[in-house]
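Engineer: Just one file: model.tsv, with TSV, C-alpha atoms.
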chain	number	residue	atom	x	y	z
A	1	MET	CA	24.84	-6.98	33.00
A	2	GLN	CA	23.72	-7.42	29.44
A	3	ASP	CA	21.54	-10.46	30.22
A	4	PHE	CA	18.28	-9.20	31.73
A	5	SER	CA	17.25	-12.79	32.60
A	6	ARG	CA	19.87	-12.76	35.40
A	7	LEU	CA	18.29	-9.65	36.86
A	8	LEU	CA	14.91	-11.39	36.73
A	9	ALA	CA	16.45	-14.34	38.56
A	10	LEU	CA	17.83	-12.02	41.25
A	11	MET	CA	14.35	-10.53	41.64
A	12	ALA	CA	12.96	-14.06	42.11
A	13	VAL	CA	15.52	-14.77	44.85
A	14	ALA	CA	14.50	-11.52	46.56
A	15	GLU	CA	10.82	-12.49	46.39
A	16	THR	CA	11.20	-16.12	47.53
A	17	GLY	CA	14.09	-15.73	49.96
A	18	SER	CA	16.11	-18.70	48.68
A	19	ILE	CA	18.01	-20.04	45.69
A	20	SER	CA	16.06	-23.30	45.62
A	21	ALA	CA	12.63	-21.64	45.78
A	22	ALA	CA	13.60	-19.15	43.06
A	23	ALA	CA	14.95	-22.00	40.90
A	24	SER	CA	11.66	-23.87	41.27
A	25	LYS	CA	9.69	-20.75	40.31
A	26	LEU	CA	11.80	-20.08	37.22
A	27	GLY	CA	12.21	-23.68	36.09
A	28	TYR	CA	15.96	-23.89	36.84
A	29	THR	CA	17.86	-26.39	38.91
A	30	PRO	CA	19.35	-24.85	42.08
A	31	PRO	CA	22.96	-25.34	40.83
A	32	ALA	CA	22.13	-23.67	37.51
A	33	LEU	CA	20.57	-20.68	39.25
A	34	SER	CA	23.55	-20.44	41.60
A	35	GLN	CA	25.81	-20.22	38.56
A	36	GLN	CA	23.66	-17.41	37.13
A	37	MET	CA	23.92	-15.48	40.40
A	38	ALA	CA	27.68	-15.98	40.47
A	39	LYS	CA	27.95	-14.59	36.90
A	40	LEU	CA	25.79	-11.61	37.84
A	41	GLU	CA	28.01	-10.82	40.85
A	42	ARG	CA	31.11	-10.98	38.62
A	43	GLU	CA	29.48	-8.60	36.17
A	44	ALA	CA	28.40	-6.22	38.97
A	45	ARG	CA	31.81	-6.61	40.69
A	46	VAL	CA	30.09	-6.61	44.08
A	47	GLN	CA	28.45	-9.21	46.35
A	48	LEU	CA	24.70	-9.30	45.84
A	49	LEU	CA	23.60	-12.23	48.03
A	50	VAL	CA	24.43	-13.58	51.48
A	51	ARG	CA	23.62	-17.28	51.72
A	52	HIS	CA	22.53	-18.77	55.06
A	53	ARG	CA	20.97	-21.98	56.34
A	54	ARG	CA	17.39	-20.91	55.64
A	55	GLY	CA	18.08	-19.45	52.18
A	56	ALA	CA	19.59	-16.19	50.94
A	57	ARG	CA	19.18	-12.48	51.55
A	58	LEU	CA	20.17	-9.48	49.48
A	59	THR	CA	23.05	-7.21	50.35
A	60	ALA	CA	22.54	-3.47	50.09
A	61	ALA	CA	24.00	-3.63	46.58
A	62	GLY	CA	21.63	-6.47	45.75
A	63	GLU	CA	18.63	-4.48	46.98
A	64	LEU	CA	19.70	-1.50	44.84
A	65	LEU	CA	20.06	-3.72	41.78
A	66	VAL	CA	16.63	-5.30	42.34
A	67	ARG	CA	15.00	-1.85	42.59
A	68	ARG	CA	16.61	-0.83	39.31
A	69	ALA	CA	15.64	-4.14	37.70
A	70	ARG	CA	12.02	-3.61	38.69
A	71	GLU	CA	12.11	-0.14	37.14
A	72	ILE	CA	13.54	-1.59	33.94
A	73	GLU	CA	10.88	-4.32	33.91
A	74	ALA	CA	8.12	-1.71	34.28
A	75	ILE	CA	9.56	0.31	31.40
A	76	LEU	CA	9.76	-2.78	29.19
A	77	ARG	CA	6.17	-3.74	29.94
A	78	ALA	CA	4.94	-0.22	29.24
A	79	THR	CA	6.90	-0.22	25.98
A	80	GLU	CA	5.31	-3.53	24.95
A	81	THR	CA	1.87	-2.06	25.63
A	82	ASP	CA	2.67	1.06	23.61
A	83	LEU	CA	3.95	-1.03	20.71
A	84	VAL	CA	0.80	-3.17	20.67
A	85	GLN	CA	-1.37	-0.04	20.63
A	86	PHE	CA	0.79	1.47	17.89
A	87	LEU	CA	0.48	-1.69	15.81
A	88	GLU	CA	-3.28	-1.77	16.25
A	89	VAL	CA	-3.62	1.85	15.13
A	90	SER	CA	-1.20	1.43	12.23
A	91	GLU	CA	-2.86	-1.73	10.97
A	92	GLU	CA	-6.28	-0.07	10.90
A	93	GLN	CA	-5.24	2.68	8.49
A	94	ILE	CA	-4.72	2.37	4.76
A	95	ARG	CA	-3.75	5.43	2.73
A	96	ILE	CA	-4.45	4.89	-0.95
A	97	GLY	CA	-3.32	6.95	-3.90
A	98	THR	CA	-5.29	6.75	-7.14
A	99	PHE	CA	-5.66	8.40	-10.50
A	100	THR	CA	-8.95	10.23	-11.00
A	101	THR	CA	-10.75	7.87	-13.37
A	102	GLY	CA	-9.52	4.89	-11.37
A	103	GLY	CA	-11.11	6.42	-8.30
A	104	ILE	CA	-14.37	6.87	-10.21
A	105	HIS	CA	-14.67	3.60	-12.13
A	106	LEU	CA	-12.39	1.01	-10.50
A	107	LEU	CA	-11.76	1.79	-6.84
A	108	PRO	CA	-15.28	1.92	-5.27
A	109	PRO	CA	-15.85	-1.88	-5.32
A	110	VAL	CA	-12.43	-2.38	-3.72
A	111	LEU	CA	-13.20	0.12	-0.95
A	112	ALA	CA	-16.55	-1.53	-0.29
A	113	GLU	CA	-14.91	-4.96	0.04
A	114	LEU	CA	-12.17	-3.59	2.31
A	115	ARG	CA	-14.80	-2.04	4.56
A	116	ARG	CA	-16.84	-5.27	4.57
A	117	ARG	CA	-13.84	-7.37	5.67
A	118	HIS	CA	-12.36	-4.80	8.06
A	119	THR	CA	-15.18	-2.82	9.64
A	120	ARG	CA	-12.86	-0.63	11.73
A	121	ILE	CA	-10.49	0.26	8.92
A	122	ALA	CA	-9.78	3.95	8.30
A	123	LEU	CA	-9.39	4.70	4.60
A	124	SER	CA	-7.99	7.83	3.01
A	125	LEU	CA	-7.55	8.74	-0.65
A	126	GLN	CA	-5.30	11.08	-2.57
A	127	GLU	CA	-5.44	11.72	-6.32
A	128	PHE	CA	-2.33	11.66	-8.48
A	129	ASP	CA	-1.66	11.78	-12.19
A	130	HIS	CA	0.88	9.19	-13.27
A	131	PRO	CA	3.74	9.29	-12.36
A	132	ASP	CA	3.18	11.91	-9.64
A	133	GLY	CA	2.18	9.33	-7.01
A	134	LEU	CA	5.46	7.41	-7.10
A	135	GLY	CA	7.28	9.93	-4.89
A	136	PRO	CA	4.67	10.01	-2.09
A	137	LEU	CA	4.53	6.19	-2.15
A	138	GLY	CA	8.30	5.85	-1.86
A	139	ASP	CA	8.38	8.49	0.91
A	140	GLY	CA	5.74	6.65	2.96
A	141	ASP	CA	3.01	9.29	2.60
A	142	ILE	CA	0.66	6.65	1.15
A	143	ASP	CA	0.58	2.86	1.55
A	144	LEU	CA	-0.77	1.74	-1.84
A	145	LEU	CA	-0.91	3.39	-5.23
A	146	LEU	CA	-3.41	2.52	-7.94
A	147	THR	CA	-1.94	3.91	-11.10
A	148	SER	CA	-2.34	3.68	-14.85
A	149	SER	CA	0.11	3.83	-17.68
A	150	TYR	CA	-0.29	3.84	-21.43
A	151	ILE	CA	2.10	1.55	-23.19
A	152	HIS	CA	3.06	0.45	-26.64
A	153	GLY	CA	5.06	-2.74	-26.36
A	154	ARG	CA	6.88	-3.48	-23.11
A	155	HIS	CA	5.90	-2.32	-19.64
A	156	SER	CA	7.83	0.50	-17.99
A	157	PRO	CA	10.25	-0.56	-15.23
A	158	VAL	CA	9.14	-0.17	-11.61
A	159	PRO	CA	11.26	2.30	-9.57
A	160	ALA	CA	13.72	0.82	-7.10
A	161	GLY	CA	12.22	0.05	-3.70
A	162	LEU	CA	8.72	-0.45	-5.09
A	163	SER	CA	6.83	-3.57	-6.14
A	164	SER	CA	3.87	-3.75	-8.48
A	165	GLU	CA	1.11	-6.04	-9.71
A	166	VAL	CA	-0.84	-5.56	-12.93
A	167	LEU	CA	-4.58	-5.64	-12.20
A	168	LEU	CA	-6.00	-4.77	-15.61
A	169	GLU	CA	-4.95	-4.34	-19.22
A	170	GLU	CA	-7.50	-2.84	-21.60
A	171	GLU	CA	-7.73	-1.43	-25.09
A	172	LEU	CA	-8.29	2.21	-25.92
A	173	LEU	CA	-11.24	3.21	-28.07
A	174	LEU	CA	-11.62	6.21	-30.31
A	175	VAL	CA	-14.34	8.46	-28.89
A	176	ALA	CA	-16.09	11.18	-30.88
A	177	HIS	CA	-19.46	12.89	-31.16
A	178	GLU	CA	-22.28	11.02	-32.81
A	179	GLY	CA	-21.93	11.12	-36.58
A	180	HIS	CA	-18.21	11.93	-36.60
A	181	PRO	CA	-16.55	10.74	-39.85
A	182	LEU	CA	-13.90	8.73	-37.97
A	183	THR	CA	-16.58	6.61	-36.28
A	184	ALA	CA	-18.84	6.19	-39.29
A	185	ASP	CA	-17.33	2.76	-39.95
A	186	SER	CA	-17.02	-0.07	-37.43
A	187	VAL	CA	-13.89	-1.54	-39.05
A	188	PRO	CA	-10.92	-1.10	-36.68
A	189	LEU	CA	-9.12	2.18	-37.36
A	190	HIS	CA	-5.37	2.51	-37.76
A	191	TRP	CA	-4.02	5.11	-35.35
A	192	THR	CA	-2.34	7.05	-38.20
A	193	ALA	CA	-5.85	8.17	-39.24
A	194	LEU	CA	-5.78	10.51	-36.23
A	195	ALA	CA	-3.30	12.78	-37.99
A	196	GLY	CA	-4.69	16.27	-38.35
A	197	PHE	CA	-7.73	15.72	-36.13
A	198	PRO	CA	-7.89	17.80	-32.93
A	199	LEU	CA	-7.33	15.54	-29.92
A	200	ILE	CA	-8.49	15.66	-26.32
A	201	ILE	CA	-5.48	14.34	-24.43
A	202	GLY	CA	-3.46	14.65	-21.23
A	203	ARG	CA	-1.00	17.44	-20.57
A	204	ARG	CA	2.67	17.13	-21.44
A	205	GLY	CA	4.47	14.67	-19.18
A	206	LEU	CA	1.50	12.34	-18.74
A	207	ALA	CA	1.74	8.81	-20.05
A	208	ASP	CA	-1.07	8.94	-22.62
A	209	ARG	CA	0.29	12.13	-24.19
A	210	GLU	CA	3.89	10.92	-24.28
A	211	THR	CA	2.96	7.52	-25.70
A	212	LEU	CA	0.80	8.95	-28.48
A	213	GLU	CA	3.46	11.51	-29.37
A	214	ALA	CA	6.02	8.70	-29.52
A	215	LEU	CA	3.74	6.78	-31.90
A	216	PHE	CA	3.39	9.80	-34.17
A	217	ALA	CA	7.13	10.41	-34.12
A	218	SER	CA	7.82	6.75	-35.02
A	219	ARG	CA	6.14	7.41	-38.40
A	220	ALA	CA	7.76	10.82	-38.82
A	221	MET	CA	4.31	12.41	-38.43
A	222	ALA	CA	3.69	15.88	-37.10
A	223	PRO	CA	2.88	16.01	-33.37
A	224	PRO	CA	-0.79	15.49	-32.45
A	225	VAL	CA	-3.06	18.50	-32.76
A	226	VAL	CA	-4.25	19.21	-29.21
A	227	ALA	CA	-7.75	20.59	-28.75
A	228	PHE	CA	-8.05	20.22	-24.96
A	229	GLU	CA	-5.85	18.79	-22.22
A	230	THR	CA	-7.37	16.61	-19.50
A	231	ALA	CA	-6.32	13.48	-17.62
A	232	ASN	CA	-9.96	12.70	-16.74
A	233	SER	CA	-11.46	10.13	-19.11
A	234	ALA	CA	-15.02	11.07	-18.15
A	235	MET	CA	-14.30	14.67	-19.06
A	236	ALA	CA	-12.63	13.56	-22.29
A	237	CYS	CA	-15.82	11.68	-23.26
A	238	ALA	CA	-17.98	14.69	-22.41
A	239	LEU	CA	-15.78	17.04	-24.43
A	240	ALA	CA	-15.71	14.63	-27.37
A	241	SER	CA	-19.51	14.46	-27.34
A	242	SER	CA	-19.61	18.23	-27.87
A	243	GLY	CA	-17.60	17.94	-31.07
A	244	VAL	CA	-14.53	19.92	-29.98
A	245	GLY	CA	-12.20	16.98	-30.64
A	246	VAL	CA	-11.74	13.23	-30.50
A	247	ALA	CA	-10.18	11.22	-27.69
A	248	CYS	CA	-8.52	7.86	-27.06
A	249	VAL	CA	-10.27	6.54	-23.96
A	250	PRO	CA	-9.95	3.23	-22.07
A	251	ARG	CA	-12.88	0.86	-22.57
A	252	THR	CA	-13.78	0.95	-18.85
A	253	ALA	CA	-14.34	4.70	-18.93
A	254	VAL	CA	-16.20	4.53	-22.25
A	255	GLU	CA	-18.65	1.92	-20.93
A	256	ALA	CA	-19.29	4.00	-17.80
A	257	SER	CA	-19.80	7.27	-19.70
A	258	THR	CA	-23.29	8.74	-20.03
A	259	ALA	CA	-22.22	11.21	-22.74
A	260	LEU	CA	-23.70	10.95	-26.24
A	261	ILE	CA	-20.66	9.56	-28.02
A	262	SER	CA	-19.73	7.20	-30.82
A	263	THR	CA	-16.76	4.86	-30.64
A	264	ARG	CA	-14.49	2.83	-32.85
A	265	PRO	CA	-11.79	0.30	-32.00
A	266	PHE	CA	-8.22	0.70	-33.16
A	267	ALA	CA	-6.55	-1.83	-35.41
A	268	ALA	CA	-3.85	-4.00	-33.82
A	269	GLN	CA	-4.36	-2.15	-30.51
A	270	PRO	CA	-1.20	-0.04	-30.70
A	271	LEU	CA	-2.04	1.55	-27.37
A	272	LYS	CA	-3.40	0.02	-24.20
A	273	ARG	CA	-3.93	1.15	-20.64
A	274	VAL	CA	-2.35	-0.87	-17.85
A	275	VAL	CA	-3.76	-0.43	-14.34
A	276	SER	CA	-1.32	-1.50	-11.63
A	277	LEU	CA	-1.14	-1.57	-7.85
A	278	LEU	CA	2.16	-0.45	-6.34
A	279	TRP	CA	3.53	-0.67	-2.80
A	280	ARG	CA	6.84	-0.29	-1.00
A	281	SER	CA	8.77	-3.57	-1.20
A	282	SER	CA	9.77	-3.18	2.46
A	283	ASP	CA	6.16	-2.80	3.66
A	284	THR	CA	5.10	-6.22	4.95
A	285	THR	CA	2.45	-5.07	7.44
A	286	PRO	CA	-0.50	-7.51	7.61
A	287	LEU	CA	-3.20	-5.01	6.60
A	288	VAL	CA	-1.29	-3.87	3.51
A	289	ARG	CA	-0.90	-7.50	2.43
A	290	LYS	CA	-4.61	-8.10	3.01
A	291	ALA	CA	-5.55	-4.93	1.10
A	292	ARG	CA	-3.44	-6.04	-1.86
A	293	CYS	CA	-5.33	-9.34	-1.84
A	294	VAL	CA	-8.66	-7.48	-1.84
A	295	PHE	CA	-7.55	-5.41	-4.85
A	296	ARG	CA	-6.50	-8.55	-6.72
A	297	GLU	CA	-9.66	-10.53	-5.93
A	298	THR	CA	-12.05	-7.64	-6.63
A	299	PHE	CA	-10.49	-6.86	-9.99
A	300	ALA	CA	-10.52	-10.55	-10.91
A	301	ARG	CA	-14.23	-10.90	-10.05
A	302	SER	CA	-15.31	-7.79	-11.94
A	303	GLY	CA	-12.89	-8.17	-14.84
A	304	GLY	CA	-11.58	-4.79	-13.79
A	305	ALA	CA	-14.51	-3.02	-15.40
A	306	PRO	CA	-17.60	-2.66	-13.19
A	307	SER	CA	-20.67	-1.12	-14.73
A	308	ALA	CA	-21.63	2.44	-13.90
A	309	ARG	CA	-24.46	1.13	-11.68
A	310	GLN	CA	-22.10	-1.19	-9.80
A	311	ALA	CA	-19.65	1.64	-9.26
A	312	GLN	CA	-22.39	3.90	-7.89
A	313	GLU	CA	-23.64	1.18	-5.52
A	314	ALA	CA	-20.11	0.44	-4.31
A	315	THR	CA	-19.44	4.15	-3.79
A	316	ALA	CA	-22.48	4.38	-1.52
A	317	ALA	CA	-21.47	1.24	0.38
A	318	SER	CA	-17.94	2.49	0.98
A	319	ALA	CA	-18.86	6.01	2.11
A	320	TYR	CA	-17.06	7.10	5.25
Just give me the structure of the file as structure tokens.

Structural biologist:
Amino acid sequence: MQDFSRLLALMAVAETGSISAAASKLGYTPPALSQQMAKLEREARVQLLVRHRRGARLTAAGELLVRRAREIEAILRATETDLVQFLEVSEEQIRIGTFTTGGIHLLPPVLAELRRRHTRIALSLQEFDHPDGLGPLGDGDIDLLLTSSYIHGRHSPVPAGLSSEVLLEEELLLVAHEGHPLTADSVPLHWTALAGFPLIIGRRGLADRETLEALFASRAMAPPVVAFETANSAMACALASSGVGVACVPRTAVEASTALISTRPFAAQPLKRVVSLLWRSSDTTPLVRKARCVFRETFARSGGAPSARQAQEATAASAY
């Protein structure tokens, strides 16, 4: 009895009292429905119907099977209801992972637009330094990951099972206190000029630190002199303004900084920051697809670099 439609047909015969009436209700021809009942009796290995001049009645076995079929139908309907409710709840939640400066300078306009388009959406955020968010994303603890990487040349490969889209590529600027000798000239600076100057940079294992160390090593230079370690670009600007070191900071964070700093571009842009959105390749839920579209469109409109005032306004609009 693998075909539940035959059980539904038997229930129709029980309700109408005849093969012809049940066939009319279900859209069958009477001969076709008779064949279905014959197959069901062969599967059950017992007579289910007694045919008579006025129609058909159920045997005791038929009545038992109809009771069980109605129980199965009720379970299936309840399951459908539960699944619809589960889908509605699931589709109204987006868990986003972000790096700190992305959450400060880039994410607020996206959150505001998500809330505007989906008023009932529940948003949650978690902060990760790259590449710490890749594991939670792959494990399903978050739905989307806004992450940054610092590259020289080709992009890093995306881990298996994940997909990505580049939202922003931007140059890094040298940041120092006002009057620093490295920023006295506006001519683009070659990165080798950083040798010997104390740097404000991320801890070991983070992309900016590893990439800069790789650049130094490529010229057989001594490793960078580290003054302070921080992955927060806003903090790096603030520390640089105090004169304790210089930093290589993405243009977005520099333009949003209120610290008293001086800047200088690098020649040939040996380093750049790439901001990407990642998701599980297997995740095709409608809200995740829509959220990815909002990220793409918002970054495209703003150029990926909203002003400090825009970021503050969007933060207020997306409060929850």

Engineer: Neighbouring residues of stretch 138-147 of chain A were defined as those with any atom within 10 Å, considering only C-alpha atoms; residues of the same chain fewer than 2 positions away were excluded. Please report them as a PyMOL selection string.

Structural biologist: chain A and resi 93-103+106-107+124-136+149+159-162+164-167+274-281+283+288+291-292+295

Engineer: When you count all atoms listed in the file, which of these residues is closest to A:Lys290: A:Ala32, A:Leu137, A:Val244, A:Leu114?

Structural biologist: A:Leu114

Engineer: Using only C-alpha atoms for the distances, tell me which of A:Leu40, A:Leu26, A:Ala247, A:Ala21 is nearest to A:Gly55.

Structural biologist: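 The closest residue to A:Gly55 is A:Ala21.
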
Engineer: Any idea what the distance is between atom CA of A:Pro270 and atom CA of A:Ser302?

Structural biologist: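 Here the two named atoms are 24.7 Å from each other.
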
Engineer: Return as AutoDock Vina command-line options the centre and edge lengths, in Å with one decimal, of the box along x, y and z that encloses every atom of stretch 175-181 of chain A in the file, padded by 4 Å per side.

Structural biologist:
--center_x -18.3 --center_y 10.7 --center_z -34.4 --size_x 15.9 --size_y 12.4 --size_z 19.0

Engineer: When you count all atoms listed in the file, which of these residues is closest to A:Val187: A:Thr263, A:Ser163, A:Asn232, A:Thr252?

Structural biologist: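 Nearest candidate to A:Val187 out of A:Thr263, A:Ser163, A:Asn232, A:Thr252: A:Thr263.
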
Engineer: Hey, which of A:Ile75, A:Leu199, A:Ile261, A:Leu8 ends up closest to A:Ala184? Count all atoms listed in the file.

Structural biologist: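 Selected residue with least distance to A:Ala184: A:Ile261.
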
Engineer: Enter the distance from atom CA of A:Ser242 to atom CA of A:His177, in Å, rounded to one decimal.

Structural biologist: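 Interatomic distance here is 6.3 Å.
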
Engineer: Can you pull out every residue within 10 Å of A:Leu182, counting only C-alpha atoms, but drop anything in the same chain fewer than 3 positions away, and send it as number ranges by chain?

Structural biologist: A: 174-177, 179, 185-186, 189, 193-194, 197, 246, 262-264

Engineer: Keeping only C-alpha atoms, write the selected residues as a PDB file, in the frame of the given file.

Structural biologist:
ATOM      1  CA  LEU A 174     -11.620   6.210 -30.310  1.00  0.00           C
ATOM      2  CA  VAL A 175     -14.340   8.460 -28.890  1.00  0.00           C
ATOM      3  CA  ALA A 176     -16.090  11.180 -30.880  1.00  0.00           C
ATOM      4  CA  HIS A 177     -19.460  12.890 -31.160  1.00  0.00           C
ATOM      5  CA  GLY A 179     -21.930  11.120 -36.580  1.00  0.00           C
ATOM      6  CA  ASP A 185     -17.330   2.760 -39.950  1.00  0.00           C
ATOM      7  CA  SER A 186     -17.020  -0.070 -37.430  1.00  0.00           C
ATOM      8  CA  LEU A 189      -9.120   2.180 -37.360  1.00  0.00           C
ATOM      9  CA  ALA A 193      -5.850   8.170 -39.240  1.00  0.00           C
ATOM     10  CA  LEU A 194      -5.780  10.510 -36.230  1.00  0.00           C
ATOM     11  CA  PHE A 197      -7.730  15.720 -36.130  1.00  0.00           C
ATOM     12  CA  VAL A 246     -11.740  13.230 -30.500  1.00  0.00           C
ATOM     13  CA  SER A 262     -19.730   7.200 -30.820  1.00  0.00           C
ATOM     14  CA  THR A 263     -16.760   4.860 -30.640  1.00  0.00           C
ATOM     15  CA  ARG A 264     -14.490   2.830 -32.850  1.00  0.00           C
TER      16      ARG A 264
END

Engineer: For a test of reading the model, state the distance in Å between atom CA of A:Met37 and atom CA of A:Ala9, rounded to one decimal.

Structural biologist: 7.8 Å

Engineer: Considering all atoms listed in the file, can you say which of A:Leu168, A:Gly62, A:Leu239, A:Tyr28 comes closest to A:Pro198?

Structural biologist: A:Leu239

Engineer: Name the closest residue to A:Arg117 among the candidates A:Leu173, A:His52, A:Glu229, A:Glu92; distances are taken between atoms, counting all atoms listed in the file.

Structural biologist: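 The shortest atom-to-atom distance to A:Arg117 comes from A:Glu92.
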
Engineer: Would you fill the gaps in stretch 48-63 of chain A so it has N, CA and C atoms, then print it as an mmCIF file, keeping the file's coordinate frame?

Structural biologist:
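Result saved to rebuild.cif:
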data_model
loop_
_atom_site.group_PDB
_atom_site.id
_atom_site.type_symbol
_atom_site.label_atom_id
_atom_site.label_comp_id
_atom_site.auth_asym_id
_atom_site.auth_seq_id
_atom_site.Cartn_x
_atom_site.Cartn_y
_atom_site.Cartn_z
ATOM 1 N N LEU A 48 26.114 -9.621 45.903
ATOM 2 C CA LEU A 48 24.700 -9.300 45.840
ATOM 3 C C LEU A 48 23.859 -10.136 46.806
ATOM 4 N N LEU A 49 24.353 -11.320 47.178
ATOM 5 C CA LEU A 49 23.600 -12.230 48.030
ATOM 6 C C LEU A 49 24.460 -12.716 49.194
ATOM 7 N N VAL A 50 23.800 -12.912 50.335
ATOM 8 C CA VAL A 50 24.430 -13.580 51.480
ATOM 9 C C VAL A 50 23.635 -14.852 51.716
ATOM 10 N N ARG A 51 24.292 -15.987 51.539
ATOM 11 C CA ARG A 51 23.620 -17.280 51.720
ATOM 12 C C ARG A 51 23.678 -17.697 53.193
ATOM 13 N N HIS A 52 22.576 -18.284 53.687
ATOM 14 C CA HIS A 52 22.530 -18.770 55.060
ATOM 15 C C HIS A 52 21.733 -20.067 55.078
ATOM 16 N N ARG A 53 21.596 -20.653 56.253
ATOM 17 C CA ARG A 53 20.970 -21.980 56.340
ATOM 18 C C ARG A 53 19.532 -21.996 55.837
ATOM 19 N N ARG A 54 18.809 -20.930 56.033
ATOM 20 C CA ARG A 54 17.390 -20.910 55.640
ATOM 21 C C ARG A 54 17.176 -20.361 54.227
ATOM 22 N N GLY A 55 18.242 -19.951 53.546
ATOM 23 C CA GLY A 55 18.080 -19.450 52.180
ATOM 24 C C GLY A 55 19.128 -18.424 51.813
ATOM 25 N N ALA A 56 18.669 -17.242 51.366
ATOM 26 C CA ALA A 56 19.590 -16.190 50.940
ATOM 27 C C ALA A 56 18.899 -14.841 51.113
ATOM 28 N N ARG A 57 19.706 -13.841 51.443
ATOM 29 C CA ARG A 57 19.180 -12.480 51.550
ATOM 30 C C ARG A 57 20.040 -11.557 50.695
ATOM 31 N N LEU A 58 19.461 -10.438 50.320
ATOM 32 C CA LEU A 58 20.170 -9.480 49.480
ATOM 33 C C LEU A 58 21.072 -8.595 50.332
ATOM 34 N N THR A 59 22.219 -8.260 49.767
ATOM 35 C CA THR A 59 23.050 -7.210 50.350
ATOM 36 C C THR A 59 22.455 -5.870 49.951
ATOM 37 N N ALA A 60 23.024 -4.803 50.479
ATOM 38 C CA ALA A 60 22.540 -3.470 50.090
ATOM 39 C C ALA A 60 22.676 -3.257 48.587
ATOM 40 N N ALA A 61 23.804 -3.742 48.024
ATOM 41 C CA ALA A 61 24.000 -3.630 46.580
ATOM 42 C C ALA A 61 22.956 -4.456 45.830
ATOM 43 N N GLY A 62 22.644 -5.637 46.380
ATOM 44 C CA GLY A 62 21.630 -6.470 45.750
ATOM 45 C C GLY A 62 20.259 -5.813 45.749
ATOM 46 N N GLU A 63 19.913 -5.168 46.904
ATOM 47 C CA GLU A 63 18.630 -4.480 46.980
ATOM 48 C C GLU A 63 18.556 -3.327 45.975
#
